[in-house]
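Engineer: This is the content of final.cif (mmCIF, C-alpha atoms):
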```cif
data_input
#
loop_
_atom_site.label_atom_id
_atom_site.label_comp_id
_atom_site.auth_asym_id
_atom_site.auth_seq_id
_atom_site.Cartn_x
_atom_site.Cartn_y
_atom_site.Cartn_z
CA MET Y 10 58.98 52.84 98.08
CA THR Y 11 56.37 50.77 99.91
CA THR Y 12 53.39 52.74 101.12
CA THR Y 13 51.98 51.78 104.49
CA ALA Y 14 48.32 50.83 104.35
CA VAL Y 15 46.10 53.38 106.07
CA PRO Y 16 42.80 52.22 107.56
CA PRO Y 17 39.70 53.29 105.60
CA THR Y 18 38.26 56.66 106.48
CA PRO Y 19 35.41 56.05 108.94
CA GLU Y 20 31.98 56.37 107.34
CA HIS Y 21 31.03 59.31 109.54
CA LEU Y 22 34.05 61.20 108.15
CA ASP Y 23 33.07 60.81 104.49
CA PRO Y 24 33.83 64.20 102.88
CA ALA Y 25 31.14 63.95 100.18
CA PRO Y 26 28.16 65.06 102.30
CA ARG Y 27 30.19 67.94 103.68
CA ASP Y 28 31.11 69.18 100.23
CA ALA Y 29 27.55 68.79 99.03
CA ALA Y 30 26.30 70.95 101.90
CA ASP Y 31 29.02 73.61 101.57
CA PRO Y 32 27.35 77.00 100.97
CA LEU Y 33 30.65 78.39 99.68
CA ALA Y 34 31.31 75.59 97.19
CA VAL Y 35 30.78 77.91 94.22
CA HIS Y 36 34.00 79.73 95.06
CA ARG Y 37 36.26 76.66 94.77
CA GLY Y 38 36.06 76.44 91.00
CA ARG Y 39 37.24 80.02 90.60
CA PHE Y 40 40.80 79.21 91.74
CA LEU Y 41 43.61 77.74 89.67
CA SER Y 42 45.03 74.38 90.68
CA GLY Y 43 48.50 73.24 89.69
CA GLU Y 44 49.11 70.27 87.41
CA GLY Y 45 49.61 67.08 89.40
CA LEU Y 46 48.33 68.64 92.61
CA VAL Y 47 46.59 66.09 94.83
CA ALA Y 48 45.92 68.18 97.92
CA TYR Y 49 46.99 71.71 98.77
CA LEU Y 50 47.26 72.06 102.54
CA ASP Y 51 49.37 75.22 102.68
CA GLY Y 52 46.89 77.99 101.95
CA ASN Y 53 48.02 79.82 105.07
CA SER Y 54 51.47 80.25 103.51
CA LEU Y 55 50.52 81.13 99.94
CA GLY Y 56 46.98 81.28 98.64
CA ARG Y 57 45.99 79.97 95.22
CA PRO Y 58 45.46 82.48 92.41
CA LEU Y 59 42.05 83.22 90.99
CA ALA Y 60 41.52 82.19 87.39
CA ARG Y 61 40.16 85.59 86.39
CA THR Y 62 43.44 87.23 87.38
CA LEU Y 63 44.86 85.62 84.23
CA ASP Y 64 42.65 88.04 82.29
CA HIS Y 65 42.99 91.01 84.59
CA TYR Y 66 46.78 91.22 84.42
CA PRO Y 67 46.98 91.48 80.61
CA ALA Y 68 44.08 93.93 80.66
CA PHE Y 69 45.88 96.10 83.20
CA VAL Y 70 49.09 96.10 81.15
CA ARG Y 71 47.29 96.80 77.90
CA GLU Y 72 44.63 99.30 78.99
CA GLN Y 73 45.98 101.05 82.10
CA TRP Y 74 49.77 100.84 81.99
CA GLY Y 75 50.13 100.76 78.20
CA GLY Y 76 47.03 102.79 77.40
CA ARG Y 77 47.15 105.55 79.97
CA LEU Y 78 50.83 105.49 80.91
CA ILE Y 79 51.74 108.14 83.49
CA ARG Y 80 48.21 109.53 83.36
CA GLY Y 81 47.20 106.46 85.38
CA TRP Y 82 48.51 108.09 88.55
CA ASP Y 83 46.02 110.93 88.24
CA GLU Y 84 43.27 108.53 87.15
CA GLY Y 85 43.26 106.30 90.21
CA TRP Y 86 46.65 104.79 90.97
CA LEU Y 87 47.60 107.35 93.60
CA GLY Y 88 44.57 106.43 95.69
CA ARG Y 89 44.71 102.67 95.10
CA ALA Y 90 46.62 101.88 98.31
CA GLU Y 91 44.00 103.64 100.42
CA GLU Y 92 41.10 102.26 98.37
CA LEU Y 93 42.24 98.65 98.87
CA GLY Y 94 43.09 99.39 102.48
CA ASP Y 95 39.53 100.54 103.08
CA ARG Y 96 38.20 97.39 101.38
CA ILE Y 97 40.38 95.16 103.59
CA GLY Y 98 39.27 97.15 106.61
CA ALA Y 99 35.57 96.85 105.81
CA ALA Y 100 35.57 93.21 104.69
CA CYS Y 101 38.10 91.66 107.08
CA LEU Y 102 39.14 93.97 109.92
CA GLY Y 103 36.01 95.64 111.22
CA ALA Y 104 37.70 98.96 110.51
CA ALA Y 105 36.11 102.20 109.37
CA SER Y 106 37.61 103.92 106.34
CA GLY Y 107 40.78 105.97 106.55
CA GLN Y 108 42.66 103.68 108.93
CA THR Y 109 44.11 100.94 106.68
CA ILE Y 110 46.56 101.19 103.81
CA VAL Y 111 48.35 98.76 101.50
CA ALA Y 112 52.10 99.33 101.37
CA ASP Y 113 55.55 97.77 101.72
CA SER Y 114 56.14 94.29 103.13
CA THR Y 115 54.94 92.97 106.47
CA THR Y 116 58.48 93.27 107.80
CA VAL Y 117 58.83 96.92 106.84
CA LEU Y 118 55.41 97.81 108.23
CA ILE Y 119 56.10 96.06 111.55
CA PHE Y 120 59.31 98.06 111.83
CA LYS Y 121 57.51 101.31 111.00
CA LEU Y 122 54.70 100.77 113.51
CA LEU Y 123 56.98 99.57 116.30
CA ARG Y 124 59.42 102.42 115.75
CA ALA Y 125 56.51 104.87 115.71
CA ALA Y 126 55.28 103.37 118.99
CA ILE Y 127 58.69 103.94 120.57
CA ALA Y 128 58.56 107.60 119.52
CA ALA Y 129 55.01 107.93 120.87
CA ARG Y 130 55.90 106.62 124.35
CA PRO Y 131 59.00 108.52 125.49
CA GLY Y 132 60.37 107.65 128.91
CA ARG Y 133 59.36 103.99 128.67
CA ASP Y 134 61.92 101.29 128.04
CA GLU Y 135 60.33 97.83 127.54
CA LEU Y 136 58.88 95.89 124.61
CA VAL Y 137 56.82 92.71 125.01
CA ILE Y 138 56.72 89.74 122.65
CA ALA Y 139 56.34 85.95 122.84
CA ARG Y 140 59.36 83.68 122.51
CA ASP Y 141 57.36 81.62 120.00
CA GLU Y 142 56.34 84.61 117.88
CA PHE Y 143 57.19 84.58 114.16
CA PRO Y 144 60.95 85.09 113.67
CA THR Y 145 60.64 88.38 111.78
CA ASP Y 146 58.64 89.92 114.61
CA ARG Y 147 61.21 88.79 117.18
CA PHE Y 148 64.14 89.95 115.09
CA ILE Y 149 62.71 93.45 114.71
CA VAL Y 150 61.92 93.74 118.42
CA GLU Y 151 65.42 92.61 119.35
CA ARG Y 152 67.10 95.00 116.91
CA LEU Y 153 65.04 98.01 117.98
CA ALA Y 154 65.67 97.15 121.63
CA GLU Y 155 69.38 96.99 120.91
CA ASP Y 156 69.39 100.26 118.96
CA HIS Y 157 67.36 102.20 121.55
CA GLY Y 158 68.63 100.68 124.80
CA LEU Y 159 65.36 98.93 125.60
CA THR Y 160 64.56 95.72 127.46
CA VAL Y 161 62.59 92.86 125.88
CA ARG Y 162 60.04 91.14 128.11
CA TRP Y 163 59.46 87.63 126.77
CA LEU Y 164 56.17 85.73 127.07
CA ASP Y 165 56.36 81.94 127.46
CA THR Y 166 53.26 80.59 125.74
CA ALA Y 167 51.81 77.07 125.70
CA HIS Y 168 52.97 74.81 122.87
CA ASP Y 169 49.40 74.51 121.58
CA GLY Y 170 48.43 78.06 122.55
CA GLY Y 171 49.57 81.66 122.45
CA ALA Y 172 49.15 85.02 124.13
CA THR Y 173 46.56 85.31 126.92
CA PRO Y 174 45.36 88.20 129.10
CA GLU Y 175 46.95 86.51 132.13
CA LEU Y 176 50.38 86.34 130.47
CA LEU Y 177 50.18 89.98 129.41
CA ALA Y 178 49.07 91.06 132.89
CA GLU Y 179 52.30 89.60 134.28
CA ALA Y 180 54.53 91.19 131.64
CA VAL Y 181 53.12 94.68 131.09
CA SER Y 182 53.81 97.66 133.34
CA GLU Y 183 54.16 101.43 133.22
CA ARG Y 184 57.56 100.80 131.62
CA THR Y 185 56.01 99.07 128.59
CA ILE Y 186 56.07 100.86 125.27
CA ALA Y 187 54.24 98.26 123.21
CA ALA Y 188 53.41 94.58 122.88
CA LEU Y 189 53.81 92.97 119.45
CA LEU Y 190 51.55 89.90 119.30
CA GLY Y 191 50.17 87.45 116.76
CA GLY Y 192 46.40 87.59 116.32
CA VAL Y 193 46.55 83.97 115.18
CA ALA Y 194 49.81 82.25 116.16
CA TYR Y 195 51.76 81.19 113.08
CA ARG Y 196 52.60 77.73 114.42
CA SER Y 197 49.81 76.65 116.78
CA ALA Y 198 46.95 78.66 115.17
CA TRP Y 199 45.94 80.01 118.61
CA PHE Y 200 43.36 82.75 118.00
CA ALA Y 201 44.21 85.22 120.73
CA PRO Y 202 41.43 86.90 122.75
CA MET Y 203 42.41 90.18 121.15
CA ARG Y 204 39.84 92.44 122.80
CA GLU Y 205 40.76 91.29 126.31
CA ILE Y 206 44.52 91.42 125.72
CA THR Y 207 44.28 94.86 124.18
CA ALA Y 208 42.46 96.13 127.27
CA VAL Y 209 45.07 94.65 129.62
CA VAL Y 210 47.96 96.31 127.76
CA GLN Y 211 46.23 99.66 127.36
CA ALA Y 212 45.39 99.77 131.08
CA HIS Y 213 49.10 100.47 131.62
CA GLY Y 214 49.22 103.17 128.95
CA ALA Y 215 51.07 100.91 126.51
CA LEU Y 216 50.24 100.18 122.87
CA VAL Y 217 49.36 96.89 121.17
CA ILE Y 218 50.49 96.04 117.65
CA TRP Y 219 48.76 92.94 116.32
CA ASP Y 220 50.42 90.89 113.57
CA CYS Y 221 47.33 89.59 111.78
CA SER Y 222 49.12 87.80 108.93
CA HIS Y 223 47.50 84.47 109.83
CA ALA Y 224 44.24 86.07 110.94
CA VAL Y 225 43.17 88.37 108.12
CA GLY Y 226 40.78 86.55 105.80
CA SER Y 227 40.48 83.51 108.07
CA VAL Y 228 38.90 84.84 111.26
CA PRO Y 229 36.54 87.82 111.65
CA LEU Y 230 38.32 90.76 113.21
CA GLU Y 231 36.73 93.81 114.88
CA LEU Y 232 39.69 96.12 115.34
CA ASP Y 233 37.62 99.27 115.88
CA ALA Y 234 35.22 97.65 118.35
CA TRP Y 235 38.08 95.98 120.23
CA GLY Y 236 39.93 99.28 120.62
CA VAL Y 237 43.04 98.01 118.83
CA ASP Y 238 45.86 100.53 118.45
CA MET Y 239 47.69 99.20 115.40
CA ALA Y 240 47.76 96.08 113.26
CA VAL Y 241 49.65 94.74 110.28
CA GLY Y 242 49.43 91.72 108.01
CA CYS Y 243 50.49 90.20 104.74
CA SER Y 244 48.16 89.69 101.78
CA TYR Y 245 49.56 86.54 100.16
CA LYS Y 246 48.01 84.04 102.58
CA TYR Y 247 44.20 84.12 102.95
CA LEU Y 248 43.98 87.29 100.84
CA ASN Y 249 45.57 85.43 97.89
CA GLY Y 250 47.55 88.42 96.66
CA GLY Y 251 50.38 86.29 95.26
CA PRO Y 252 54.05 85.81 96.21
CA GLY Y 253 55.56 89.05 97.45
CA ALA Y 254 52.20 90.84 97.48
CA PRO Y 255 52.20 94.14 99.39
CA ALA Y 256 51.18 94.08 103.04
CA TRP Y 257 48.67 96.30 104.85
CA ALA Y 258 48.70 98.32 108.06
CA TYR Y 259 45.94 99.60 110.32
CA VAL Y 260 46.32 102.57 112.66
CA ALA Y 261 43.35 103.67 114.76
CA THR Y 262 42.19 107.18 113.93
CA ARG Y 263 43.05 108.44 117.42
CA HIS Y 264 46.73 107.63 116.87
CA LEU Y 265 47.14 109.07 113.36
CA PRO Y 266 47.96 112.66 114.39
CA GLU Y 267 50.94 111.48 116.50
CA LEU Y 268 52.11 108.74 114.10
CA ARG Y 269 55.69 109.50 113.10
CA ASN Y 270 56.75 107.51 110.05
CA PRO Y 271 60.40 106.49 110.61
CA ILE Y 272 60.91 106.12 106.82
CA PRO Y 273 59.44 109.33 105.40
CA GLY Y 274 58.95 109.33 101.64
CA TRP Y 275 57.57 111.77 99.15
CA LEU Y 276 54.21 110.04 98.71
CA GLY Y 277 53.66 110.15 102.46
CA ALA Y 278 54.03 113.93 102.42
CA ALA Y 279 51.12 116.34 102.64
CA GLN Y 280 51.92 117.83 99.20
CA PRO Y 281 54.01 115.19 97.39
CA PHE Y 282 54.21 117.07 94.10
CA SER Y 283 55.19 120.43 95.57
CA MET Y 284 58.79 119.22 95.99
CA THR Y 285 59.25 121.52 98.98
CA GLU Y 286 62.06 121.35 101.51
CA GLY Y 287 61.31 119.56 104.76
CA PHE Y 288 58.83 116.78 105.38
CA GLU Y 289 55.27 117.56 106.40
CA PRO Y 290 53.28 114.32 106.83
CA ALA Y 291 50.05 113.77 104.95
CA PRO Y 292 46.90 113.82 107.03
CA GLY Y 293 45.52 110.41 107.93
CA ILE Y 294 46.84 106.97 107.10
CA ARG Y 295 48.72 108.09 103.96
CA ARG Y 296 51.48 109.47 106.21
CA LEU Y 297 52.59 105.84 106.66
CA VAL Y 298 53.49 105.57 102.96
CA SER Y 299 57.16 105.81 102.03
CA GLY Y 300 57.76 104.80 98.43
CA THR Y 301 55.71 104.37 95.28
CA PRO Y 302 52.72 102.04 95.74
CA PRO Y 303 53.14 98.65 93.95
CA ILE Y 304 50.16 99.11 91.63
CA THR Y 305 50.66 96.01 89.46
CA ALA Y 306 50.99 93.82 92.57
CA MET Y 307 47.58 94.94 93.79
CA VAL Y 308 45.65 93.33 90.93
CA PRO Y 309 45.30 89.82 92.47
CA LEU Y 310 44.49 91.29 95.88
CA ALA Y 311 41.57 93.25 94.44
CA ASP Y 312 40.27 90.08 92.80
CA MET Y 313 40.36 88.14 96.07
CA LEU Y 314 38.62 90.91 97.96
CA ASP Y 315 35.74 90.50 95.49
CA GLU Y 316 35.42 86.88 96.66
CA ILE Y 317 35.62 87.69 100.36
CA GLU Y 318 33.10 90.50 100.04
CA GLN Y 319 30.72 88.15 98.28
CA ALA Y 320 31.15 85.30 100.77
CA GLY Y 321 31.29 87.47 103.91
CA MET Y 322 33.65 86.80 106.79
CA THR Y 323 30.91 85.11 108.84
CA GLY Y 324 30.58 82.47 106.14
CA VAL Y 325 34.33 82.23 105.66
CA ARG Y 326 34.86 81.65 109.37
CA ALA Y 327 32.13 78.99 109.54
CA LYS Y 328 33.77 77.10 106.66
CA SER Y 329 37.20 77.51 108.23
CA VAL Y 330 36.05 76.05 111.55
CA ALA Y 331 34.36 73.17 109.75
CA LEU Y 332 37.50 72.39 107.71
CA THR Y 333 39.92 72.47 110.64
CA ALA Y 334 37.57 70.50 112.91
CA TYR Y 335 37.23 67.89 110.16
CA ALA Y 336 41.01 67.73 109.75
CA ILE Y 337 41.42 67.16 113.49
CA GLU Y 338 38.90 64.31 113.39
CA LEU Y 339 40.81 62.72 110.50
CA VAL Y 340 44.14 63.08 112.31
CA ASP Y 341 42.66 61.48 115.43
CA ALA Y 342 41.29 58.57 113.38
CA LEU Y 343 44.15 58.00 110.92
CA ILE Y 344 47.28 59.20 112.78
CA PRO Y 345 46.70 58.22 116.41
CA ASP Y 346 50.42 58.49 117.27
CA ALA Y 347 50.54 62.17 116.26
CA ALA Y 348 50.15 64.99 118.79
CA LEU Y 349 47.92 67.93 118.01
CA ALA Y 350 49.81 71.17 118.68
CA SER Y 351 46.79 73.43 118.08
CA PRO Y 352 43.67 74.26 120.09
CA ARG Y 353 40.78 71.81 119.92
CA ASP Y 354 38.45 74.61 120.97
CA ASP Y 355 36.91 75.99 117.75
CA GLU Y 356 36.69 79.47 119.25
CA ARG Y 357 40.42 79.61 119.91
CA ARG Y 358 41.63 77.98 116.66
CA GLY Y 359 42.46 79.94 113.51
CA GLY Y 360 42.49 78.63 109.96
CA HIS Y 361 45.25 76.05 110.26
CA LEU Y 362 46.53 73.38 112.62
CA THR Y 363 49.86 71.81 113.46
CA VAL Y 364 50.47 68.11 114.04
CA ASP Y 365 53.66 67.01 115.80
CA HIS Y 366 55.29 63.74 114.79
CA PRO Y 367 58.95 62.58 114.87
CA ASN Y 368 58.81 61.72 111.13
CA ALA Y 369 57.44 65.12 110.10
CA ALA Y 370 60.41 66.46 108.13
CA ARG Y 371 60.86 63.30 106.07
CA ALA Y 372 57.13 62.93 105.49
CA VAL Y 373 56.63 66.47 104.18
CA GLN Y 374 59.54 66.13 101.77
CA ARG Y 375 57.98 62.95 100.37
CA LEU Y 376 54.49 64.42 100.19
CA TRP Y 377 55.61 67.42 98.16
CA ALA Y 378 57.03 65.02 95.56
CA GLU Y 379 53.63 63.29 95.46
CA GLY Y 380 51.60 66.45 94.93
CA VAL Y 381 50.41 66.75 98.53
CA ILE Y 382 51.51 70.09 99.95
CA PRO Y 383 51.47 70.69 103.73
CA ASP Y 384 54.11 72.75 105.52
CA PHE Y 385 56.96 71.68 107.82
CA ARG Y 386 57.69 73.65 110.96
CA HIS Y 387 60.86 72.88 112.93
CA PRO Y 388 61.45 70.67 114.77
CA SER Y 389 58.62 68.15 114.25
CA GLY Y 390 55.50 69.97 113.11
CA VAL Y 391 53.36 69.42 110.02
CA ARG Y 392 51.30 72.54 109.50
CA ILE Y 393 48.02 72.12 107.64
CA GLY Y 394 46.62 75.38 106.28
CA LEU Y 395 43.06 75.29 104.94
CA SER Y 396 41.96 78.32 102.96
CA PRO Y 397 38.14 78.25 103.19
CA LEU Y 398 37.17 79.58 99.77
CA SER Y 399 39.49 77.35 97.75
CA THR Y 400 39.58 74.11 99.78
CA SER Y 401 37.16 71.18 99.68
CA PHE Y 402 36.56 68.58 102.36
CA ALA Y 403 37.55 65.88 99.85
CA GLU Y 404 40.92 67.58 99.38
CA VAL Y 405 41.45 67.62 103.15
CA GLU Y 406 40.62 63.91 103.38
CA ARG Y 407 43.03 63.03 100.54
CA GLY Y 408 45.76 65.10 102.15
CA ILE Y 409 45.39 63.67 105.66
CA ARG Y 410 45.30 60.10 104.34
CA ALA Y 411 48.50 60.74 102.40
CA LEU Y 412 50.07 62.32 105.49
CA ALA Y 413 49.12 59.30 107.58
CA ALA Y 414 50.88 57.00 105.11
CA ALA Y 415 53.98 59.19 104.86
CA LEU Y 416 54.37 59.51 108.64
CA ALA Y 417 54.01 55.75 109.13
CA ASP Y 418 56.73 54.78 106.61
#
```
Write out the structure in this file as structure tokens.
Structural biologist:
Amino acid sequence: MTTTAVPPTPEHLDPAPRDAADPLAVHRGRFLSGEGLVAYLDGNSLGRPLARTLDHYPAFVREQWGGRLIRGWDEGWLGRAEELGDRIGAACLGAASGQTIVADSTTVLIFKLLRAAIAARPGRDELVIARDEFPTDRFIVERLAEDHGLTVRWLDTAHDGGATPELLAEAVSERTIAALLGGVAYRSAWFAPMREITAVVQAHGALVIWDCSHAVGSVPLELDAWGVDMAVGCSYKYLNGGPGAPAWAYVATRHLPELRNPIPGWLGAAQPFSMTEGFEPAPGIRRLVSGTPPITAMVPLADMLDEIEQAGMTGVRAKSVALTAYAIELVDALIPDAALASPRDDERRGGHLTVDHPNAARAVQRLWAEGVIPDFRHPSGVRIGLSPLSTSFAEVERGIRALAAALAD
């Protein structure tokens, strides 16, 4: 196949000075990189593993699982979900302890929180969500609306944007139970003004559930200060927990006493080992637990939290903004016929960006075969996810140049 010649990268976009000045450069070498990988531009779908996890997994199997066996539950495993939840809360969410827990998948936790919201707002009959929200979120809202005789109020968001206070003000009323919204939109990367939107929804007595899957670990969040009701997110994107890693949920302290877990399980009970009849929920966030915590799956997540705690979310966000702004400059210079489907405003852009081009599907398929890994989003979007701690500016430049060539052929 003939490769279309791409103009040289303009001198002012040379990645070398940027990498040399990167205060977080030390973190890059701590991540594993696949054989033949030229540029990984999909860190917002699945983060790279840390090299030290290769040692920590065997050590866990040998020393904790094999060495302590069932005694491990009494020696720390039972509290691991809350311990890691508190670490995520402190490092990434702006959340005081006792409000965040690691459990289940994002899908299951969204269902739990939304169903709990329905129980907490009797007499109301509407749910609010954007038409362009992630499919899982929409599917759950539609199914719960169908099962409970509710109406779905749909938000029509801008192609390069997402939820705004103005849109919510038009959709929310005293009939609203809850709004389920993306903190950072999965396609456009729109970083919602979460504090302002939360206030608009709560003014009508409704609840807000934020899906922070594309926000946690990429943008600083202040859930306590913003008055957020509930939030949920995965841990395999910017938290690098690995494929199928357990998700996390946040519930503000003021809501915990009324939180009714729709999937009660023995470890969410007040006295799980008493084996009594009837379910009495545990105090605090543990009442959201249903089944046995996935202890082995938490090993990579703990390793990545070490990195985030060391770097600090202020530094992570600064690097993220620099990477995405650089990628936009490269797209403008090397792919002038592409359309940016993400905010140009740094303040409103999360950790990825989407570029629309009619050749997107074919180009991404070719790039994967060449060791350049962006993401395709139907119908014509190339999504470029830049995980700040593991991505260099040189890698971004290589990837965008390869994308320019693939789109032109």
Engineer: For this file, the PyMOL selection byres ((chain Y and resi 346-361) around 8) selects which residues, as an NGL selection string?
Structural biologist: :Y and (53 or 168-170 or 193 or 197-202 or 223-224 or 227-228 or 329-330 or 333-334 or 337 or 340-341 or 344-345 or 362-366 or 392-396)
Engineer: Report, in Å to a single decimal, how far apart atom CA of Y:Ile149 and atom CA of Y:Thr166 are.
Structural biologist: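 Separation between atom CA of Y:Thr166 and atom CA of Y:Ile149: 19.4 Å.
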Engineer: On this file, the PyMOL selection byres ((chain Y and resi 376-381) around 12) gives some set of residues; write that set as a PyMOL selection string.
Structural biologist: chain Y and resi 12+42-51+369-375+382-385+391+393+404-416+418
Engineer: Decode the PyMOL selection byres ((chain Y and resi 89) around 12) for the given file into explicit residues and return them as a PyMOL selection string.
Structural biologist: chain Y and resi 81-88+90-96+109-112+295+301-308+310-311
Engineer: Quick one: of Y:Gly242, Y:Gln211, Y:Gly107, Y:Leu33, who's nearest to Y:Gln319, counting all atoms listed in the file?
Structural biologist: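 Of Y:Gly242, Y:Gln211, Y:Gly107, Y:Leu33, the one nearest Y:Gln319 is Y:Leu33, counting all atoms listed in the file.
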Engineer: What's around Y:Glu289 at 10 Å? Count all atoms listed in the file, leave out sequence neighbours fewer than 6 positions away in its own chain, and write the answer as an MDAnalysis selection string.
Structural biologist: chainID Y and resid 273 275 277:281 296
Engineer: Find the residue from Y:Leu276, Y:Ala178, Y:Ala208, Y:Leu230 that sits nearest to Y:Gly103; use only C-alpha atoms when measuring.
Structural biologist: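 With only C-alpha atoms as the atom set, the closest residue is Y:Leu230.
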Engineer: Return the single residue from Y:Val325, Y:Ala167, Y:Leu190, Y:Ala125 that is closest to Y:Pro271, with distances computed using only C-alpha atoms.
Structural biologist: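 Once distances to Y:Pro271 are computed over only C-alpha atoms, the minimum belongs to Y:Ala125.
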Engineer: Within 12 Å of Y:His264, counting all atoms listed in the file, which residues qualify if same-chain residues fewer than 4 places away don't, as a list in words?
Structural biologist: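 What passes the distance filter is Gln108, Leu122, Ala125, Ala126, Ala129, Arg130, Leu216, Val217, Gly236, Val237, Asp238, Met239, Tyr259, Val260, Leu268, Arg269, Pro292, Gly293, Ile294, Arg296 and Leu297 of chain Y.
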Engineer: Which distance in Å separates atom CA of Y:Val298 and atom CA of Y:Ala100, to one decimal?
Structural biologist: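 It comes out at 21.8 Å.
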Engineer: Calculated over all atoms listed in the file, which of the candidates Y:Ala30, Y:Leu398, Y:Met284, Y:Ile272 has the smallest distance to Y:Arg326?
Structural biologist: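 Of all the options, Y:Leu398 lies closest to Y:Arg326.
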Engineer: Point out the residue among Y:Gly274, Y:Pro131, Y:Pro24, Y:Pro252 with the least atom-to-atom distance to Y:Ser54, counting only C-alpha atoms.
Structural biologist: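 Selected residue with least distance to Y:Ser54: Y:Pro252.
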Engineer: Within 8 Å of Y:Ser244, counting all atoms listed in the file, which residues qualify if same-chain residues fewer than 6 places away don't, as a list in words?
Structural biologist: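 Answer for this query is Ser222, Gly250, Gly251, Ala254, Pro255, Ala256, Trp257 and Leu310 of chain Y.
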